[in-house]
Structure formats: C-alpha cells, structure tokens
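File shown: my_file_6.txt. Contents: compact mmCIF, C-alpha atoms.
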```txt
# COMPACT_ATOMS: atom_id res chain seq x y z
CA PHE A 1 -221.44 -93.09 1.53
CA ILE A 2 -220.85 -91.74 -1.91
CA LEU A 3 -217.34 -90.35 -1.54
CA MET A 4 -215.87 -93.66 -0.44
CA LEU A 5 -217.63 -95.34 -3.31
CA SER A 6 -216.22 -92.89 -5.82
CA LEU A 7 -212.77 -93.32 -4.30
CA THR A 8 -212.90 -97.06 -4.81
CA LEU A 9 -214.27 -96.53 -8.30
CA GLY A 10 -211.43 -94.19 -9.20
CA THR A 11 -208.84 -96.59 -7.84
CA MET A 12 -210.34 -99.48 -9.75
CA ILE A 13 -210.40 -97.49 -12.96
CA THR A 14 -206.75 -96.56 -12.61
CA ILE A 15 -205.61 -100.05 -11.70
CA THR A 16 -207.39 -101.76 -14.57
CA SER A 17 -206.42 -99.30 -17.27
CA ASN A 18 -204.27 -99.86 -20.31
CA HIS A 19 -204.90 -96.51 -21.91
CA TRP A 20 -203.48 -93.30 -20.53
CA VAL A 21 -206.75 -91.39 -20.51
CA THR A 22 -208.48 -93.95 -18.32
CA ALA A 23 -205.58 -93.85 -15.86
CA TRP A 24 -205.76 -90.08 -15.78
CA ALA A 25 -209.55 -90.18 -15.35
CA GLY A 26 -209.27 -92.57 -12.40
CA LEU A 27 -206.69 -90.32 -10.72
CA GLU A 28 -208.89 -87.28 -11.22
CA ILE A 29 -211.87 -89.10 -9.73
CA ASN A 30 -209.72 -89.94 -6.72
CA THR A 31 -208.60 -86.36 -6.30
CA LEU A 32 -212.12 -85.01 -6.62
CA ALA A 33 -213.48 -87.49 -4.11
CA VAL A 34 -210.80 -86.86 -1.51
CA ILE A 35 -210.99 -83.05 -1.54
CA PRO A 36 -214.37 -82.85 0.27
CA LEU A 37 -213.13 -85.47 2.71
CA ILE A 38 -210.18 -83.30 3.64
CA SER A 39 -212.17 -80.11 3.94
CA LYS A 40 -215.12 -81.57 5.80
CA SER A 41 -214.51 -79.84 9.09
CA HIS A 42 -214.54 -76.23 7.86
CA HIS A 43 -211.53 -75.45 9.96
CA PRO A 44 -209.09 -73.01 8.30
CA ARG A 45 -206.31 -75.55 8.52
CA ALA A 46 -208.39 -78.16 6.78
CA ILE A 47 -209.35 -75.83 3.96
CA GLU A 48 -205.75 -74.81 3.50
CA ALA A 49 -204.69 -78.45 3.39
CA ALA A 50 -207.38 -79.05 0.79
CA THR A 51 -206.11 -76.20 -1.41
CA LYS A 52 -202.54 -77.43 -1.28
CA TYR A 53 -203.59 -80.98 -1.98
CA PHE A 54 -205.78 -79.93 -4.88
CA LEU A 55 -203.12 -77.76 -6.50
CA THR A 56 -200.39 -80.35 -6.33
CA GLN A 57 -202.52 -83.25 -7.47
CA ALA A 58 -204.06 -81.28 -10.31
CA THR A 59 -200.67 -80.23 -11.66
CA ALA A 60 -199.43 -83.78 -11.38
CA SER A 61 -202.43 -85.08 -13.34
CA ALA A 62 -201.96 -82.45 -16.01
CA LEU A 63 -198.27 -83.31 -16.30
CA MET A 64 -199.13 -86.96 -16.63
CA LEU A 65 -201.59 -86.22 -19.40
CA PHE A 66 -199.03 -84.08 -21.17
CA SER A 67 -196.35 -86.75 -20.96
CA SER A 68 -198.72 -89.37 -22.34
CA MET A 69 -199.60 -86.99 -25.13
CA THR A 70 -196.00 -86.37 -26.13
CA ASN A 71 -195.48 -90.10 -26.06
CA ALA A 72 -198.48 -90.52 -28.35
CA TRP A 73 -197.14 -87.86 -30.68
CA SER A 74 -193.85 -89.64 -31.05
CA SER A 75 -194.97 -93.25 -31.10
CA GLY A 76 -198.55 -93.08 -32.29
CA GLN A 77 -200.25 -95.15 -29.60
CA TRP A 78 -201.68 -94.72 -26.14
CA ASP A 79 -200.77 -97.94 -24.42
CA ILE A 80 -199.46 -97.65 -20.90
CA THR A 81 -196.89 -100.39 -21.04
CA GLN A 82 -195.10 -99.03 -24.06
CA LEU A 83 -193.29 -95.80 -23.38
CA THR A 84 -190.77 -95.10 -26.07
CA ASN A 85 -190.06 -91.42 -25.71
CA PRO A 86 -187.40 -90.62 -23.06
CA PRO A 87 -188.49 -87.03 -22.27
CA SER A 88 -192.03 -88.18 -21.72
CA CYS A 89 -190.75 -90.91 -19.39
CA LEU A 90 -188.93 -88.22 -17.43
CA LEU A 91 -192.03 -86.05 -17.22
CA LEU A 92 -194.05 -89.05 -16.19
CA THR A 93 -191.74 -89.93 -13.32
CA ALA A 94 -191.86 -86.31 -12.21
CA ALA A 95 -195.66 -86.34 -12.29
CA ILE A 96 -195.93 -89.57 -10.30
CA ALA A 97 -193.34 -88.28 -7.83
CA ILE A 98 -195.49 -85.22 -7.22
CA LYS A 99 -198.52 -87.42 -6.71
CA LEU A 100 -196.79 -89.76 -4.31
CA GLY A 101 -194.74 -87.23 -2.43
CA LEU A 102 -191.22 -88.32 -3.36
CA THR A 103 -188.42 -86.01 -2.62
CA PRO A 104 -188.00 -83.17 -4.97
CA PHE A 105 -191.76 -82.69 -4.67
CA HIS A 106 -192.65 -83.68 -1.15
CA PHE A 107 -193.35 -80.27 0.28
CA TRP A 108 -197.12 -80.54 0.26
CA PHE A 109 -197.33 -83.79 2.12
CA PRO A 110 -196.70 -83.01 5.84
CA GLU A 111 -198.87 -79.92 5.77
CA VAL A 112 -201.74 -81.70 4.07
CA LEU A 113 -201.59 -84.56 6.55
CA GLN A 114 -201.47 -82.09 9.40
CA GLY A 115 -204.53 -80.26 8.23
CA SER A 116 -206.74 -83.26 7.80
CA SER A 117 -208.38 -85.42 10.43
CA LEU A 118 -206.68 -88.66 11.42
CA THR A 119 -208.88 -91.01 9.41
CA THR A 120 -208.65 -88.80 6.34
CA ALA A 121 -204.89 -88.66 6.76
CA LEU A 122 -204.86 -92.44 6.91
CA LEU A 123 -206.80 -92.57 3.69
CA LEU A 124 -204.51 -90.05 2.06
CA SER A 125 -201.31 -91.79 2.91
CA THR A 126 -202.26 -95.36 2.13
CA ALA A 127 -205.14 -95.58 -0.30
CA MET A 128 -204.25 -92.56 -2.39
CA LYS A 129 -200.74 -93.82 -2.90
CA PHE A 130 -201.98 -97.02 -4.43
CA PRO A 131 -202.96 -95.91 -7.99
CA PRO A 132 -199.75 -93.97 -8.71
CA THR A 133 -197.69 -96.92 -7.52
CA THR A 134 -199.61 -99.18 -9.86
CA ILE A 135 -198.83 -96.83 -12.71
CA LEU A 136 -195.18 -96.88 -11.70
CA LEU A 137 -195.29 -100.66 -11.64
CA LEU A 138 -196.85 -100.84 -15.06
CA THR A 139 -194.23 -98.58 -16.58
CA SER A 140 -191.27 -99.66 -14.51
CA HIS A 141 -189.36 -101.32 -17.30
CA SER A 142 -189.02 -98.16 -19.31
CA LEU A 143 -188.26 -95.61 -16.62
CA ASN A 144 -184.89 -94.11 -15.81
CA PRO A 145 -183.25 -96.11 -12.97
CA THR A 146 -180.71 -93.51 -11.92
CA LEU A 147 -183.33 -90.80 -11.57
CA LEU A 148 -185.59 -93.05 -9.57
CA SER A 149 -182.83 -94.22 -7.25
CA THR A 150 -181.56 -90.70 -6.62
CA MET A 151 -185.09 -89.56 -5.79
CA ALA A 152 -185.54 -92.55 -3.52
CA ILE A 153 -182.28 -92.00 -1.63
CA MET A 154 -183.07 -88.31 -1.22
CA SER A 155 -186.54 -89.09 0.04
CA ILE A 156 -185.26 -91.58 2.60
CA ALA A 157 -182.75 -88.96 3.76
CA LEU A 158 -185.26 -86.14 3.88
CA GLY A 159 -187.92 -88.24 5.53
CA GLY A 160 -185.47 -89.07 8.29
CA TRP A 161 -184.04 -85.58 8.69
CA MET A 162 -187.18 -83.53 8.66
CA GLY A 163 -188.95 -85.86 11.01
CA LEU A 164 -186.44 -85.22 13.76
CA ASN A 165 -187.82 -81.97 15.09
CA GLN A 166 -191.54 -82.66 14.88
CA THR A 167 -193.98 -82.80 17.74
CA GLN A 168 -197.20 -83.33 15.83
CA THR A 169 -197.84 -86.98 15.26
CA ARG A 170 -199.42 -86.50 11.87
CA LYS A 171 -196.35 -84.76 10.56
CA ILE A 172 -194.15 -87.50 11.96
CA LEU A 173 -196.23 -90.06 10.15
CA ALA A 174 -196.02 -87.95 6.99
CA PHE A 175 -192.25 -88.08 7.08
CA SER A 176 -192.27 -91.76 7.83
CA SER A 177 -194.42 -92.34 4.79
CA ILE A 178 -192.05 -90.27 2.66
CA SER A 179 -189.13 -92.44 3.69
CA HIS A 180 -191.11 -95.63 3.15
CA LEU A 181 -192.00 -94.44 -0.32
CA GLY A 182 -188.30 -94.00 -0.91
CA TRP A 183 -187.72 -97.61 0.07
CA MET A 184 -190.47 -98.65 -2.31
CA THR A 185 -189.18 -96.78 -5.31
CA ILE A 186 -185.59 -97.81 -4.96
CA ILE A 187 -186.39 -101.38 -5.91
CA ILE A 188 -189.01 -100.75 -8.51
CA THR A 189 -186.80 -101.09 -11.57
CA TYR A 190 -185.23 -104.33 -10.37
CA ASN A 191 -188.00 -106.26 -8.75
CA PRO A 192 -191.49 -104.70 -8.83
CA LYS A 193 -192.98 -107.42 -6.65
CA LEU A 194 -190.87 -106.21 -3.74
CA THR A 195 -192.36 -102.77 -4.22
CA LEU A 196 -195.82 -104.23 -3.93
CA LEU A 197 -194.84 -106.20 -0.84
CA THR A 198 -193.36 -103.10 0.79
CA PHE A 199 -196.48 -101.15 -0.04
CA TYR A 200 -198.84 -103.72 1.46
CA LEU A 201 -196.85 -104.12 4.66
CA TYR A 202 -196.39 -100.39 5.00
CA SER A 203 -200.09 -99.70 4.53
CA LEU A 204 -200.98 -102.38 7.07
CA MET A 205 -198.65 -100.95 9.71
CA THR A 206 -199.68 -97.39 9.03
CA THR A 207 -203.38 -98.20 9.28
CA SER A 208 -202.86 -99.79 12.66
CA ILE A 209 -200.90 -96.78 13.91
CA PHE A 210 -203.44 -94.30 12.62
CA LEU A 211 -206.36 -96.23 14.03
CA SER A 212 -204.78 -96.59 17.44
CA MET A 213 -203.98 -92.90 17.43
CA ASN A 214 -207.50 -92.17 16.37
CA SER A 215 -208.98 -94.07 19.26
CA THR A 216 -206.85 -92.29 21.81
CA ASN A 217 -206.95 -88.99 19.89
CA THR A 218 -203.27 -88.21 20.23
CA LEU A 219 -202.28 -85.39 17.95
CA LYS A 220 -199.17 -84.25 19.74
CA LEU A 221 -196.27 -85.91 21.45
CA SER A 222 -197.45 -84.67 24.84
CA THR A 223 -200.84 -86.29 24.32
CA LEU A 224 -199.10 -89.50 23.40
CA MET A 225 -197.39 -89.52 26.77
CA THR A 226 -200.63 -89.61 28.70
CA SER A 227 -202.43 -92.05 26.47
CA TRP A 228 -201.51 -95.07 28.55
CA THR A 229 -204.24 -94.25 31.00
CA LYS A 230 -206.98 -94.75 28.47
CA ALA A 231 -206.26 -98.16 27.05
CA PRO A 232 -203.02 -99.79 28.20
CA MET A 233 -203.20 -102.76 25.87
CA LEU A 234 -203.57 -100.43 22.92
CA ASN A 235 -200.53 -98.56 24.05
CA THR A 236 -198.31 -101.61 24.08
CA THR A 237 -199.50 -102.68 20.66
CA LEU A 238 -198.89 -99.15 19.40
CA MET A 239 -195.35 -99.37 20.65
CA LEU A 240 -194.75 -102.67 18.91
CA THR A 241 -196.25 -101.40 15.67
CA LEU A 242 -194.10 -98.30 15.76
CA LEU A 243 -191.00 -100.39 16.19
CA SER A 244 -192.14 -102.58 13.33
CA LEU A 245 -192.56 -99.50 11.15
CA ALA A 246 -189.00 -98.58 12.02
CA GLY A 247 -187.86 -101.92 10.72
CA LEU A 248 -186.41 -103.72 13.68
CA PRO A 249 -185.58 -107.38 13.07
CA PRO A 250 -187.97 -109.57 14.96
CA LEU A 251 -190.98 -107.59 13.78
CA THR A 252 -192.66 -107.57 10.38
CA GLY A 253 -191.27 -104.26 9.18
CA PHE A 254 -187.83 -105.69 8.82
CA LEU A 255 -188.87 -108.04 6.05
CA PRO A 256 -189.17 -105.56 3.15
CA LYS A 257 -185.95 -103.83 4.14
CA TRP A 258 -184.07 -107.11 4.24
CA LEU A 259 -185.40 -108.25 0.88
CA ILE A 260 -184.71 -104.88 -0.71
CA ILE A 261 -181.13 -104.84 0.54
CA GLN A 262 -180.67 -108.38 -0.68
CA GLU A 263 -181.98 -107.48 -4.12
CA LEU A 264 -179.81 -104.38 -4.30
CA THR A 265 -176.67 -106.31 -3.46
CA LYS A 266 -177.58 -108.83 -6.11
CA GLN A 267 -177.63 -105.96 -8.59
CA GLU A 268 -174.17 -104.83 -7.44
CA MET A 269 -175.42 -101.62 -5.86
CA THR A 270 -173.86 -102.11 -2.45
CA THR A 271 -173.08 -98.44 -1.86
CA THR A 272 -176.74 -97.63 -2.39
CA ALA A 273 -177.75 -100.34 0.04
CA THR A 274 -175.41 -99.08 2.74
CA THR A 275 -176.48 -95.47 2.30
CA ILE A 276 -180.17 -96.25 2.61
CA SER A 277 -179.68 -98.42 5.64
CA MET A 278 -177.61 -95.67 7.26
CA LEU A 279 -180.29 -93.13 6.46
CA SER A 280 -183.02 -95.26 7.93
CA LEU A 281 -181.20 -94.82 11.23
CA LEU A 282 -182.47 -91.25 11.23
CA GLY A 283 -186.00 -92.51 11.04
CA LEU A 284 -185.24 -95.00 13.77
CA PHE A 285 -184.46 -92.11 16.08
CA PHE A 286 -187.89 -90.58 15.97
CA TYR A 287 -189.67 -93.92 16.02
CA LEU A 288 -187.75 -94.70 19.17
CA ARG A 289 -188.69 -91.32 20.55
CA LEU A 290 -192.34 -92.05 19.86
CA THR A 291 -192.17 -95.41 21.59
CA TYR A 292 -190.27 -93.88 24.50
CA CYS A 293 -192.91 -91.19 24.87
CA SER A 294 -195.74 -93.64 24.77
CA THR A 295 -194.36 -95.86 27.49
CA ILE A 296 -192.99 -93.32 29.96
CA THR A 297 -195.64 -91.32 31.76
CA LEU A 298 -196.10 -87.69 32.65
CA PRO A 299 -196.42 -87.37 36.44
CA PRO A 300 -199.51 -85.14 36.90
CA ASN A 301 -201.85 -87.51 35.15
CA SER A 302 -201.83 -90.86 36.81
CA SER A 303 -205.52 -91.62 37.03
CA ASN A 304 -206.51 -94.84 35.37
CA LYS A 305 -209.44 -93.88 33.19
CA MET A 306 -210.73 -96.71 31.08
CA LYS A 307 -212.57 -95.04 28.24
CA GLN A 308 -213.63 -97.61 25.71
CA TRP A 309 -213.43 -95.84 22.36
CA SER A 310 -211.38 -98.21 20.33
CA ILE A 311 -213.37 -100.38 18.00
CA LYS A 312 -210.45 -101.62 15.96
CA LYS A 313 -208.52 -103.32 18.70
CA PRO A 314 -208.23 -106.75 17.02
CA VAL A 315 -206.48 -105.18 14.05
CA ASN A 316 -203.85 -103.64 16.24
CA THR A 317 -203.05 -106.72 18.21
CA LEU A 318 -202.73 -108.85 15.11
CA THR A 319 -200.41 -106.69 13.03
CA PRO A 320 -197.31 -106.72 15.21
CA THR A 321 -197.53 -110.44 15.58
CA LEU A 322 -197.57 -110.94 11.83
CA PHE B 1 -198.00 -75.79 -22.32
CA SER B 2 -194.62 -74.85 -20.89
CA TRP B 3 -195.66 -71.21 -20.49
CA SER B 4 -198.68 -72.27 -18.48
CA SER B 5 -196.70 -74.61 -16.28
CA LEU B 6 -194.14 -71.89 -15.63
CA GLY B 7 -196.94 -69.54 -14.73
CA LEU B 8 -198.33 -72.14 -12.34
CA ALA B 9 -194.96 -72.65 -10.72
CA PHE B 10 -194.35 -68.96 -10.21
CA HIS B 11 -197.68 -67.66 -9.00
CA ARG B 12 -197.04 -64.96 -6.45
CA THR B 13 -200.26 -63.80 -4.91
CA HIS B 14 -203.83 -64.72 -5.75
CA LEU B 15 -204.75 -68.37 -5.91
CA ILE B 16 -207.02 -67.50 -8.83
CA SER B 17 -204.03 -67.07 -11.11
CA SER B 18 -202.82 -70.59 -10.33
CA LEU B 19 -206.26 -71.95 -11.15
CA LEU B 20 -206.17 -70.05 -14.42
CA CYS B 21 -202.79 -71.51 -15.26
CA LEU B 22 -204.08 -74.99 -14.52
CA GLU B 23 -206.97 -74.43 -16.89
CA SER B 24 -204.66 -73.16 -19.61
CA ILE B 25 -202.50 -76.28 -19.20
CA ILE B 26 -205.49 -78.50 -19.75
CA LEU B 27 -206.63 -76.36 -22.66
CA SER B 28 -203.26 -76.60 -24.37
CA ILE B 29 -203.35 -80.38 -23.97
CA TYR B 30 -206.84 -80.38 -25.44
CA ILE B 31 -205.84 -78.33 -28.46
CA ALA B 32 -202.81 -80.49 -29.08
CA LEU B 33 -204.97 -83.59 -28.85
CA SER B 34 -207.39 -82.14 -31.36
CA ILE B 35 -204.60 -81.51 -33.83
CA TRP B 36 -203.22 -85.06 -33.54
CA PRO B 37 -206.03 -86.94 -35.38
CA ILE B 38 -205.80 -84.52 -38.27
CA LYS B 39 -202.14 -85.38 -38.72
CA ASN B 40 -202.46 -89.11 -38.33
CA GLN B 41 -205.89 -89.66 -39.81
CA THR B 42 -207.26 -91.44 -36.74
CA SER B 43 -210.18 -90.29 -34.64
CA ALA B 44 -209.94 -89.61 -30.92
CA THR B 45 -213.14 -87.81 -30.16
CA LEU B 46 -214.19 -89.94 -27.21
CA MET B 47 -210.91 -89.13 -25.50
CA GLN B 48 -211.46 -85.45 -26.13
CA ILE B 49 -214.90 -85.38 -24.57
CA LEU B 50 -213.71 -87.36 -21.55
CA ILE B 51 -210.78 -85.03 -21.00
CA LEU B 52 -213.01 -81.99 -21.32
CA ALA B 53 -215.54 -83.35 -18.83
CA PHE B 54 -212.94 -84.23 -16.22
CA SER B 55 -211.07 -80.96 -16.54
CA ALA B 56 -214.33 -79.07 -16.12
CA CYS B 57 -214.99 -81.02 -12.92
CA GLU B 58 -211.50 -80.26 -11.67
CA ALA B 59 -211.90 -76.57 -12.40
CA SER B 60 -215.18 -76.40 -10.54
CA ALA B 61 -213.67 -78.21 -7.57
CA GLY B 62 -210.81 -75.72 -7.59
CA LEU B 63 -213.25 -72.84 -7.62
CA ALA B 64 -215.17 -74.33 -4.73
CA ILE B 65 -211.97 -74.63 -2.74
CA LEU B 66 -211.15 -71.03 -3.60
CA ILE B 67 -214.48 -69.88 -2.24
CA ALA B 68 -214.05 -71.96 0.91
CA SER B 69 -210.58 -70.59 1.51
CA THR B 70 -211.79 -67.04 0.99
CA GLN B 71 -214.48 -67.63 3.59
CA THR B 72 -212.09 -68.88 6.22
CA HIS B 73 -208.99 -66.90 5.38
CA VAL B 74 -209.56 -63.24 4.72
CA SER B 75 -208.37 -62.97 1.11
CA ASP B 76 -206.83 -65.35 -1.39
CA HIS B 77 -203.31 -64.11 -1.14
CA LEU B 78 -200.80 -66.90 -0.90
CA ARG B 79 -199.10 -65.38 2.11
CA ASN B 80 -202.11 -66.20 4.25
CA LEU B 81 -201.72 -69.93 3.78
CA ASN B 82 -199.20 -70.42 6.54
CA LEU B 83 -201.27 -72.01 9.27
CA LEU B 84 -199.63 -75.37 8.83
CA GLN B 85 -195.98 -74.47 9.17
CA CYS B 86 -193.54 -76.89 10.68
```

Translate the structure of the given file into structure tokens.
Amino acid sequence: FILMLSLTLGTMITITSNHWVTAWAGLEINTLAVIPLISKSHHPRAIEAATKYFLTQATASALMLFSSMTNAWSSGQWDITQLTNPPSCLLLTAAIAIKLGLTPFHFWFPEVLQGSSLTTALLLSTAMKFPPTTILLLTSHSLNPTLLSTMAIMSIALGGWMGLNQTQTRKILAFSSISHLGWMTIIITYNPKLTLLTFYLYSLMTTSIFLSMNSTNTLKLSTLMTSWTKAPMLNTTLMLTLLSLAGLPPLTGFLPKWLIIQELTKQEMTTTATTISMLSLLGLFFYLRLTYCSTITLPPNSSNKMKQWSIKKPVNTLTPTL
Amino acid sequence: FSWSSLGLAFHRTHLISSLLCLESIILSIYIALSIWPIKNQTSATLMQILILAFSACEASAGLAILIASTQTHVSDHLRNLNLLQC
C-alpha cells in the first residue's frame, strides 16, 4: 500500500538527515502522503480536516525552510546540528511547534483528529509527531530554553483545560496528546533521552487506546458507556491503559512523569515541576471520567453481545502490564 | 517573505488566496536561495531543483484539496469550514 510506504520513506529521510533540505523534503513527503489518508472517506468533515491539516503543515514546512535559509545566510552552512543565528532558532521552534501542535499553535489539532477516521487519527498523532521531535532533538542544544518551557507549560495547561468539556473521544485524545507533547518538550533542553522515552511510551499507550476504540467503534462518550457488552476484557484493558495515560503510579505512564520531575528538580526548576504536576491534574479529571464511563453501564442496553471484531487484543493486554 | 506570511495569516475568505500566499512564500525562498551562491561563490543547484519539485507537489496537493472541498462544501469561503467545532 503505497501511502504507508511513502510515509515510512519520508520519516526515514527526515530522521537520517544532516542537511536542512533533506529534512524538509522528508516532512513534505509525510504531509503529502497523509493528506489522502485523511480525506479518504469523502465526508465533508474529512475534507475539511484535510484542508486544515494541509494548510498548517505547509506553512510550518515553509517556515522551517526559511529559518534554515536565514541560518545559512548568516553562517554559510546547512548542517542541522549547528544553528548559530538566534532569530532563525526562534523561527525554527515556532515551525516545529506548529507541526507538533504545541500551544500557541495547537488550534488545528483537535479538529483534524475529529475529522479523520480512528486509525488515521492514530497515525497522525503518533507517527507524524516522530520526525519533528527528531529535528527538535537534533537541534536541542541551541534552542531557547525559556521559550520552549513556556510553550510546554502552556500546552499542558491548555490540553487539560480544553479537554474538560469534550464528549467526542477523538477530541479528548487530541487534547491528551497536546499535554503529553508539553511534557516531552519541557525536558528536551536538559535531557533529550527522556523526551525520547516519553515519546515511545506515549505512542505505545495511545496506539492501544486508539486500537481498542477502533474495535468497539466508540466515537462518543455515550458509545463508550455501552461498549462493555461487546468485549468485556477489552474494556478492562482500556480502562487500565487510560489510567496509565493519565500517569497514575503503579502503571507505566507514571515513569516518564517521575523521571521528568526528577530531572527538573535537579536543574533547580522546582516551581516549573510543581506547576506541571498541578496542571496534569486537569488531565486526570477527564481520564477518570473516561474510565468511569467505560465501567458504569447505561441501563437500556444490557444484552451481552459478543461481537468479535478486535484483532489487536494481545497488544492491549500487554501494554498496561508493562 | 514576511509579506507573504502575513497574507497567509490574514486570509479572510477564499482558500485560494491562502494557497497563493503559500506559493509566494516558497517562491521568495527560492529566489533568495538562488541569490546566495552568487554572493558566496558556491553552487547549490541540486537543492534548488529539489525545493522546486517538492513545492510543486505541495501546490498540486493543495489544489486537489481545494477542489475536493468545493465539491463537498458549496464554495471555498472560509466561513463554511465550521463542521468540526468544539
């Protein structure tokens, strides 16, 4: 299937690049390959999501190219790891923030996830975040720490706040991914390996949630309430995975948060650490609401229908027990 | 470049104008990149061709999306893109 192949090709090109134009080319290949995936269903919502996605990603790519060009004008070389021009660093962080969906530029993300099908949304929020994070990692020693940490704190706050009133599960997951991205970027200037760890764990947990939601086809909170009739084991694992995504201690999701807070206190940024842990309480509220809704039933529908749709069950039972 | 990006940020109606601004951004980058080897006596022609090819692909993808959105929504005014509100 050609689109998946070109997606992997684009990601590989961006990861293994040491010249700005190859990184830009890989990102453009990714964008071009994902656009038909989003708009496959010919539903007006899908097409609208595709337009928003295309516009934001194209501007971000152009900004990235422009920042690399100003850097080349001032320093005479096109290497990724050597960014010497401060305004171009600023533009570059802005461009990557648009691509990832960090807070001053997150407005496209919930609507795009809402308009795409569940598997495409999964792809968008995990795989498409990988190349920009690699670029951030490669340039993390020359970026502006205060700007990055303010964007990260704002994105954790906004991800928690705006997720509070949502009933569509895809939008909830969009806001959860925004806040997780905030957690990832707050540590990137101090310890980039923690960013990678957070990204891997986050993508693992999010894939299991998306796949379990895909097999029971729950797009709204009300559908989530009656999903226990279809596959009860899947429902319990979904609950555990959701709690892990929230970051509760005995589950896997607590590990990146703990390490990040430890690293931040080592760097004498204790106020930052307390603010982000307070703000993740907001996210905890809607994760808890999701788990509550998935384990308490709705009275009219109590028939035990065992429809076997889920193919990815082993994935979901393994991830909470990691 | 900054004029084009301002135009992209402030497009009011008509998606076509935002696509135009995107193209002018890429074009300004291309022109600036063509001037750079003349100043520094290096050659960057492979980069130029690659950038041109990819920006042409992006523009055609944008046009395809424009056509698709005009088929499903009635016109390409930006006010019609509100199906996905919170």

Long-range neighbours of Thr72 of chain B as a list of chain:residue names, 7 Å cut-off, all atoms listed in the file, 3 positions minimum in chain |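 Listing them by chain and then by number gives A:Pro44, B:Ala68, B:Ser69.
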
Can those selected residues be exported to a file as a short mmCIF file (atom, residue, chain, number, x, y, z; two decimals), in the frame of the given file so that it contains C-alpha atoms?
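And here is the file that came out, again-v5.cif:
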```
data_model
loop_
_atom_site.label_atom_id
_atom_site.label_comp_id
_atom_site.auth_asym_id
_atom_site.auth_seq_id
_atom_site.Cartn_x
_atom_site.Cartn_y
_atom_site.Cartn_z
CA PRO A 44 -209.09 -73.01 8.30
CA ALA B 68 -214.05 -71.96 0.91
CA SER B 69 -210.58 -70.59 1.51
#
```

Compute the set of chain B residues within 9 Å of chain A, using all atoms listed in the file, and express it as an NGL selection string.
-> :B and (1 or 5 or 8 or 18-19 or 22 or 25-26 or 29 or 32-33 or 36 or 40 or 47 or 50-51 or 54-55 or 57-58 or 61-62 or 65-66 or 68-69 or 71-73 or 81-86)

Å distance separating atom CA of Ile178 of chain A from atom CA of Leu243 of chain A, one decimal place | 16.9 Å

Using atom CA of Met239 of chain A and atom CA of Thr291 of chain A as the two end points, give the distance in Å to one decimal.
->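 Going from atom CA of Met239 of chain A over to atom CA of Thr291 of chain A, I get 5.2 Å.
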
Rounded to one decimal in Å, what is the spacing between atom CA of Ser74 of chain A and atom CA of Ser88 of chain A?
-> 9.6 Å

Find the residue from A:Ala94, A:Leu242, A:Leu219, A:Leu148 that sits nearest to Ile186 of chain A; use only C-alpha atoms when measuring.
->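 Smallest separation from Ile186 of chain A among the options: A:Leu148.
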
Using only C-alpha atoms, find the one residue out of A:Thr133, A:Gln267, A:Asn217, A:Asn30 that sits nearest to Leu100 of chain A.
->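 Checking each of A:Thr133, A:Gln267, A:Asn217, A:Asn30 against Leu100 of chain A, counting only C-alpha atoms, the winner is A:Thr133.
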
Go through A:Ser125, A:Asn18, A:Asn71, A:Ser280 and flag the residue nearest Val34 of chain A, using only C-alpha atoms for the distances.
->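 Distance minimum relative to Val34 of chain A lands on A:Ser125.
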